[in-house]
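Just below is one structure, and these are the notes that go with it.
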Amino acid sequence: MGKQWELTVLGYTEGDICIAHCLDFDLVAEGKNLTEARDNLVDLVKAHLDYAARNHVGANELLKKGAPKEYWKRYNGLKRKALEQQMESARLSKKDIKKSLSCAHG
């Protein structure tokens, strides 16, 4: 099995078009829905890596050109928001557990 990479992908819509944007390589694919856009992006990334391998382009050269900072900021903002929501959900769960325990013993 070949080398596995973890790539950063931002999914969003522009009008009726769904976009999957690989921020590491600044590659963009479209689809009717986010799943189709992601699948198209996977094919595009594979073609990109295949081209790089055939033309002896190293990993450092491949990763030199990433997406513009505005897309990374958007991704990081969404990631931060998701983590905050998970933390809030975990806090609520702990409160619910304590409440349930106090009712059971009270």
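Ligands are numbered from 1 in the order shown, residues from 1 within each chain, and chains are lettered A, B, ... in the order they appear in the structure tokens.
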
Practice prompt. Would you kindly return, as a list in words, each protein, DNA or RNA residue with an atom no farther than 8 Å from any atom of Val28 (chain A), considering only C-alpha atoms and excluding same-chain residues fewer than 6 positions away?
Written response: Ile19, Ala20, His21, Cys22 and Leu41 of chain A

Keeping only N, CA and C atoms, write the selected residues as a compact mmCIF listing (two decimals), in the first residue's frame.
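After the write, out.txt holds the following:
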```txt
# COMPACT_ATOMS: atom_id res chain seq x y z
N ILE A 19 -19.08 22.62 -3.43
CA ILE A 19 -17.64 22.72 -3.66
C ILE A 19 -16.90 21.90 -2.61
N ALA A 20 -15.88 21.17 -3.05
CA ALA A 20 -14.92 20.52 -2.15
C ALA A 20 -13.56 21.10 -2.52
N HIS A 21 -12.91 21.73 -1.56
CA HIS A 21 -11.67 22.46 -1.80
C HIS A 21 -10.55 21.85 -0.96
N CYS A 22 -9.58 21.24 -1.62
CA CYS A 22 -8.40 20.70 -0.93
C CYS A 22 -7.46 21.87 -0.67
N LEU A 41 -13.24 15.48 -6.05
CA LEU A 41 -11.98 16.00 -5.52
C LEU A 41 -10.98 14.86 -5.30
```

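If only C-alpha atoms are the atoms counted, then among A:Gly11, A:Asp24, A:Arg91, A:Leu34 the closest residue to His48 (chain A) is A:Asp24.
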
Worksheet item: With only C-alpha atoms as the atoms that count, which of A:Gly77, A:Val42, A:Gln85, A:Ala37 lies nearest to Leu7 (chain A)?
Response: A:Val42

What parts of region 14-76 of chain A does DSSP call strand (DSSP E or B)? I'd like the answer as a PDB file with C-alpha atoms, in the first residue's frame.
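Written file, result.pdb:
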```
ATOM      1  CA  GLU A  14     -21.932  28.609  -3.919  1.00  0.00           C
ATOM      2  CA  ILE A  17     -23.112  24.215  -6.691  1.00  0.00           C
ATOM      3  CA  CYS A  18     -21.383  22.208  -3.970  1.00  0.00           C
ATOM      4  CA  ILE A  19     -17.642  22.720  -3.659  1.00  0.00           C
ATOM      5  CA  ALA A  20     -14.917  20.518  -2.150  1.00  0.00           C
ATOM      6  CA  HIS A  21     -11.667  22.464  -1.803  1.00  0.00           C
ATOM      7  CA  CYS A  22      -8.404  20.697  -0.928  1.00  0.00           C
ATOM      8  CA  LEU A  27      -7.528  22.050  -5.824  1.00  0.00           C
ATOM      9  CA  VAL A  28     -11.277  22.590  -6.224  1.00  0.00           C
ATOM     10  CA  ALA A  29     -13.985  20.200  -7.428  1.00  0.00           C
ATOM     11  CA  GLU A  30     -17.718  20.667  -7.881  1.00  0.00           C
ATOM     12  CA  GLY A  31     -20.724  18.408  -7.604  1.00  0.00           C
TER      13      GLY A  31
END
```

Worksheet, complete the sentence: One residue among A:Leu83, A:Val9, A:Phe25, A:Arg74 is nearest to Arg38 (chain A) when using only C-alpha atoms, and that residue is A:Val9

Practice prompt. Just list the residues in chain A DSSP gives helix (DSSP H, G or I) on the backbone, as a PyMOL selection string.
Written response: chain A and resi 34-54+59-62+69-105

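Residue nearest Leu62 (chain A) within the list A:Lys79, A:Leu23, A:Asp43, A:Glu84: A:Leu23 [criterion: smallest interatomic distance, only C-alpha atoms].
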
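Picture a line from CA of Asp16 (chain A) to CA of Glu70 (chain A); it runs 21.7 Å.
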
Response to the item:
One decimal place gives the CA of Thr13 (chain A)-CA of Asp39 (chain A) separation as 15.3 Å
